[in-house]
Amino acid sequence: MIPSEFFPPHKGLRLAEFAASLDLHLADSAAATKVVRSVSPIHRGVEGDVSYILSRKNRAELDTCRASAIICTEEMAPLIPGHIAVLLSKNPHVAFARAGALLHPAAMKPAEYVPGAGVSPLAVVHPGAKLEEDVSVEPYAVIGENASIGAGTRISTGAIIGPHVKIGRNCSIGAQVSILCSYIGNDVIVHNGVRIGQDGFGYAPGPAGFEKIVQIGRVIIQDKVEIGANTTVDRGAMDDTIIGEGTKIDNSVMIGHNVQIGRHCGIVAGVGIAGSTRIGNGVLIGGKVGIAGHVSIGDGAQVAGMTGVATDLPAGGKYGGIPARPMKDFLRDSVELMAKSELNRRKRKKAHE
């Protein structure tokens, strides 16, 4: 990997120790004393790096690879050059993710801007706030009355934790985050600039213009959720906005009031989810998808990027297009539209000849 002062390489692990830590099988015990320090893509791996390969279509990249080890399946192992140690895994993608976390733990959470434990004298912590042991609060953070923060949690510089907010243990709250009217579980990561718990967009049109509808609900974020930079999560109007355990949300996502998102969902950047939408467990939503309010998306559904969802989507399907429809229908419609467009182009060209 290119040397980086932001995420320097690990001091080094012998391959035998590395493999044991990640439950990998080292194919050649003679390589047990090789040392690994970082991760890299195959094509520019150098000594000390660990790479991974998933498909034969990447085999050409092995020609330039000088990594110390590659994680792969038993089926792919014969492709690996003899100078590279083979680490066998049934799921190389997951194994590589864990390898990165082991070698670069500092990259797994927002940075510590002011390293160290305890509450900075430049932070503002209300006397009525409840902080367990081993909570870190960086300069210029503000923690309101009756807020509760669990052990091992770090509140970064400039963050605002509102009154009565509850944050669990071992959480990481990034710089300039604001959290209001929310209960947050354990092991949650909130990246820089996130806004959680501001009022939702609710208005009643009347003769004098828009009348604001009160927003008195909460945000409930369960354990092991990760929320990307500059994402916003509105509190409920009268019910709660809920994000289920293990769900991962990318940067710049908008989640409206009363939305309920299930467990272990993946939501990519630029998605907008309007109020009172229900999203099941294990749903995958691609970038810049727009979802209308009061619709339901069933468990395990997959929604392609740039899709417009205006009606309910059944569980387990793959959907794309505007409006959203089964992927095979969307692809067929796209081919037909392109064919018609090309036919019309040729007709116009012929007419002008």
# chains A, B, ... in the order shown; residues from 1 in each chain; ligands from 1
>>> residues_around(residues="Gly262 in chain A", least_positions_apart="4", cutoff="9 Å", atoms="only C-alpha atoms", output="MDAnalysis selection string")
chainID A and resid 242:247 278:283 299
>>> select_by_dssp(residues="range 315-344 of chain A", states="helix (DSSP H, G or I)", output="list in words")
Met327, Lys328, Asp329, Phe330, Leu331, Arg332, Asp333, Ser334, Val335, Glu336, Leu337, Met338, Ala339, Lys340, Ser341, Glu342, Leu343 and Asn344 of chain A
>>> residues_around(residues="Gly236 in chain A", least_positions_apart="6", cutoff="7 Å", atoms="only C-alpha atoms", output="list in words")
Gly200, Gln215, Ile216, Gly217, Arg218, Val219, His257 and Asn258 of chain A
>>> atom_distance(atom1="CA of Ile42 in chain A", atom2="CA of Cys65 in chain A")
5.6 Å
>>> residues_around(residues="range 56-63 of chain A", least_positions_apart="3", cutoff="12 Å", atoms="only C-alpha atoms", output="number ranges by chain")
A: 41-46, 51-53, 66-67, 69-70, 72-73, 75-84
>>> residues_around(residues="His25 in chain A", least_positions_apart="2", cutoff="12 Å", atoms="only C-alpha atoms", output="number ranges by chain")
A: 15-23, 27-29, 31-32, 69-74, 77, 85-90, 92, 95
>>> select_by_dssp(residues="range 27-232 of chain A", states="strand (DSSP E or B)", output="ChimeraX atom specification")
/A:35-36,38-39,49-52,69-72,85-88,119,124-125,130-131,136-137,142-143,148-149,154-155,160-161,166-167,172-173,178-179,182-184,189-190,195-196,203-206,209-212,219-221,226-227,232
>>> residues_around(residues="Leu331 in chain A", least_positions_apart="2", cutoff="12 Å", atoms="only C-alpha atoms", output="list in words")
Ala304, Lys318, Tyr319, Gly320, Gly321, Ile322, Ala324, Arg325, Pro326, Met327, Lys328, Asp329, Asp333, Ser334, Val335, Glu336, Leu337 and Met338 of chain A
